[in-house]
>>> print(open('protein-v1.cif').read())   # mmCIF, C-alpha atoms
data_target
#
loop_
_atom_site.group_PDB
_atom_site.id
_atom_site.type_symbol
_atom_site.label_atom_id
_atom_site.label_comp_id
_atom_site.auth_asym_id
_atom_site.auth_seq_id
_atom_site.Cartn_x
_atom_site.Cartn_y
_atom_site.Cartn_z
ATOM 1 C CA MET K 1089 -17.980 3.667 23.120
ATOM 2 C CA ARG K 1090 -14.349 3.245 22.070
ATOM 3 C CA GLY K 1091 -13.154 4.248 18.626
ATOM 4 C CA THR K 1092 -10.613 2.497 16.477
ATOM 5 C CA VAL K 1093 -7.028 3.673 16.867
ATOM 6 C CA VAL K 1094 -5.331 4.451 13.553
ATOM 7 C CA LEU K 1095 -1.562 4.793 13.605
ATOM 8 C CA GLU K 1096 -0.368 8.130 12.244
ATOM 9 C CA HIS K 1097 1.686 6.715 9.368
ATOM 10 C CA ARG K 1098 -1.317 4.680 8.199
ATOM 11 C CA GLN K 1099 -3.589 7.717 8.442
ATOM 12 C CA VAL K 1100 -1.140 9.830 6.420
ATOM 13 C CA MET K 1101 -0.950 7.147 3.725
ATOM 14 C CA GLU K 1102 -4.745 6.809 3.607
ATOM 15 C CA GLU K 1103 -5.025 10.574 3.131
ATOM 16 C CA GLU K 1104 -2.402 10.472 0.355
ATOM 17 C CA LEU K 1105 -4.214 7.610 -1.406
ATOM 18 C CA GLY K 1106 -7.660 9.068 -0.818
ATOM 19 C CA ARG K 1107 -8.948 5.723 0.462
ATOM 20 C CA PRO K 1108 -8.621 3.357 3.422
ATOM 21 C CA LEU K 1109 -5.709 0.931 3.374
ATOM 22 C CA LEU K 1110 -6.578 -2.630 2.473
ATOM 23 C CA PRO K 1111 -5.846 -5.372 5.030
ATOM 24 C CA PHE K 1112 -2.824 -6.647 3.068
ATOM 25 C CA GLU K 1113 -1.232 -3.187 2.689
ATOM 26 C CA ASN K 1114 1.516 -1.918 4.980
ATOM 27 C CA VAL K 1115 3.214 1.461 5.269
ATOM 28 C CA HIS K 1116 7.025 1.533 5.308
ATOM 29 C CA HIS K 1117 9.187 4.406 6.575
ATOM 30 C CA LYS K 1118 11.876 4.892 3.904
ATOM 31 C CA ASN K 1119 14.444 6.393 6.279
ATOM 32 C CA GLY K 1120 13.684 3.910 9.064
ATOM 33 C CA ILE K 1121 12.605 6.646 11.502
ATOM 34 C CA LYS K 1122 9.202 5.517 12.727
ATOM 35 C CA THR K 1123 8.244 8.996 13.950
ATOM 36 C CA ASP K 1124 8.934 10.616 10.553
ATOM 37 C CA ASN K 1125 5.470 10.414 9.044
ATOM 38 C CA ARG K 1126 5.950 12.937 6.254
ATOM 39 C CA PRO K 1127 4.256 11.656 3.067
ATOM 40 C CA GLU K 1128 7.549 11.738 1.151
ATOM 41 C CA ASN K 1129 9.066 9.367 3.739
ATOM 42 C CA LEU K 1130 6.280 6.805 3.460
ATOM 43 C CA GLU K 1131 5.774 4.107 0.862
ATOM 44 C CA LEU K 1132 3.095 1.503 0.379
ATOM 45 C CA PHE K 1133 4.053 -2.156 0.674
ATOM 46 C CA VAL K 1134 1.815 -5.043 -0.279
ATOM 47 C CA LYS K 1135 2.119 -8.203 1.749
ATOM 48 C CA VAL K 1136 0.420 -11.027 -0.069
ATOM 49 C CA GLN K 1137 0.068 -14.513 1.370
ATOM 50 C CA PRO K 1138 1.033 -17.175 0.611
ATOM 51 C CA CYS K 1139 4.555 -16.706 -0.602
ATOM 52 C CA GLY K 1140 5.160 -18.139 -4.058
ATOM 53 C CA GLN K 1141 2.087 -17.215 -6.079
ATOM 54 C CA ARG K 1142 1.519 -18.369 -9.615
ATOM 55 C CA LEU K 1143 2.187 -15.574 -12.109
ATOM 56 C CA GLU K 1144 -1.419 -15.610 -13.329
ATOM 57 C CA ASP K 1145 -2.738 -15.208 -9.783
ATOM 58 C CA LEU K 1146 -0.343 -12.366 -9.009
ATOM 59 C CA ILE K 1147 -1.289 -10.513 -12.203
ATOM 60 C CA ALA K 1148 -4.996 -10.931 -11.398
ATOM 61 C CA PHE K 1149 -4.426 -9.640 -7.856
ATOM 62 C CA VAL K 1150 -2.481 -6.573 -8.984
ATOM 63 C CA THR K 1151 -4.894 -5.644 -11.777
ATOM 64 C CA GLU K 1152 -7.893 -5.997 -9.449
ATOM 65 C CA HIS K 1153 -6.497 -3.933 -6.588
ATOM 66 C CA TYR K 1154 -4.228 -1.454 -8.427
ATOM 67 C CA PRO K 1155 -5.864 -0.724 -11.812
ATOM 68 C CA ASP K 1156 -4.640 2.891 -11.994
ATOM 69 C CA GLN K 1157 -1.028 1.880 -11.415
ATOM 70 C CA VAL K 1158 -1.306 -0.911 -14.006
ATOM 71 C CA ARG K 1159 -2.686 1.526 -16.596
ATOM 72 C CA ALA K 1160 0.075 4.038 -15.838
ATOM 73 C CA ALA K 1161 2.780 1.360 -16.095
ATOM 74 C CA LEU K 1162 1.402 0.065 -19.392
ATOM 75 C CA ALA K 1163 1.118 3.599 -20.811
ATOM 76 C CA ALA K 1164 4.748 4.284 -19.859
ATOM 77 C CA LYS K 1165 5.853 1.194 -21.827
ATOM 78 C CA LEU K 1166 4.177 2.378 -25.079
#
>>> encode(input="protein-v1.cif", output="structure tokens")
Amino acid sequence: MRGTVVLEHRQVMEEELGRPLLPFENVHHKNGIKTDNRPENLELFVKVQPCGQRLEDLIAFVTEHYPDQVRAALAAKL
């Protein structure tokens, strides 16, 4: 039985987040060096299709999938 191959940068990001990556999430290497998988060199990108969402739909998407980040951003604005 063959297992699923998980690329190292994705595995590092999943460990940092404490959860599996969602299908629309991608991991970007900040310095462009694909072998540099240190957590501080990785950032999470969200690729949402289709391009050109309505504002209401985008807000609903972000609040559903990233509630902790939304709360933190709102708290920082107060």
>>> resolve_selection(input="protein-v1.cif", expression="the PyMOL selection byres ((chain K and resi 1113) around 7)", output="PyMOL selection string")
chain K and resi 1109-1112+1114-1115+1132-1135
>>> atom_distance(input="protein-v1.cif", atom1="CA of Ala1163 in chain K", atom2="CA of Arg1142 in chain K")
24.7 Å
>>> resolve_selection(input="protein-v1.cif", expression="the PyMOL selection byres ((chain K and resi 1090-1098) around 8)", output="list in words")
Met1089, Gln1099, Val1100, Met1101, Glu1102, Leu1109, Asn1114, Val1115, Asn1125 and Leu1130 of chain K
>>> residues_around(input="protein-v1.cif", residues="range 1118-1120 of chain K", least_positions_apart="3", cutoff="9 Å", atoms="all atoms listed in the file", output="count of residues only")
6
>>> atom_distance(input="protein-v1.cif", atom1="CA of His1153 in chain K", atom2="CA of Lys1165 in chain K")
20.3 Å
>>> closest_residue(input="protein-v1.cif", among="K:Ala1161, K:Leu1105, K:Leu1166, K:Tyr1154", to="Pro1127 in chain K", atoms="only C-alpha atoms")
K:Leu1105
>>> build_atoms(input="protein-v1.cif", residues="range 1092-1103 of chain K", atoms="N, CA, C and O atoms", output="compact mmCIF listing (two decimals), keeping the file's coordinate frame")
# COMPACT_ATOMS: atom_id res chain seq x y z
N THR K 1092 -11.75 3.26 16.98
CA THR K 1092 -10.61 2.50 16.48
C THR K 1092 -9.39 3.41 16.42
O THR K 1092 -9.48 4.54 15.96
N VAL K 1093 -8.27 2.92 16.91
CA VAL K 1093 -7.03 3.67 16.87
C VAL K 1093 -6.37 3.44 15.51
O VAL K 1093 -6.22 2.30 15.06
N VAL K 1094 -6.03 4.54 14.83
CA VAL K 1094 -5.33 4.45 13.55
C VAL K 1094 -3.95 5.06 13.75
O VAL K 1094 -3.84 6.21 14.20
N LEU K 1095 -2.92 4.29 13.47
CA LEU K 1095 -1.56 4.79 13.60
C LEU K 1095 -1.33 5.92 12.62
O LEU K 1095 -1.84 5.91 11.49
N GLU K 1096 -0.54 6.93 13.04
CA GLU K 1096 -0.37 8.13 12.24
C GLU K 1096 0.14 7.85 10.84
O GLU K 1096 -0.36 8.42 9.86
N HIS K 1097 1.14 6.97 10.70
CA HIS K 1097 1.69 6.72 9.37
C HIS K 1097 0.64 6.08 8.45
O HIS K 1097 0.61 6.36 7.26
N ARG K 1098 -0.24 5.28 9.00
CA ARG K 1098 -1.32 4.68 8.20
C ARG K 1098 -2.34 5.75 7.81
O ARG K 1098 -2.82 5.78 6.68
N GLN K 1099 -2.65 6.64 8.73
CA GLN K 1099 -3.59 7.72 8.44
C GLN K 1099 -3.04 8.64 7.36
O GLN K 1099 -3.77 9.02 6.42
N VAL K 1100 -1.76 8.98 7.43
CA VAL K 1100 -1.14 9.83 6.42
C VAL K 1100 -1.21 9.15 5.05
O VAL K 1100 -1.56 9.79 4.05
N MET K 1101 -0.91 7.86 4.99
CA MET K 1101 -0.95 7.15 3.72
C MET K 1101 -2.37 7.07 3.18
O MET K 1101 -2.60 7.25 1.98
N GLU K 1102 -3.35 6.84 4.05
CA GLU K 1102 -4.74 6.81 3.61
C GLU K 1102 -5.16 8.16 3.03
O GLU K 1102 -5.85 8.22 2.00
N GLU K 1103 -4.72 9.24 3.65
CA GLU K 1103 -5.03 10.57 3.13
C GLU K 1103 -4.35 10.79 1.78
O GLU K 1103 -4.95 11.37 0.87
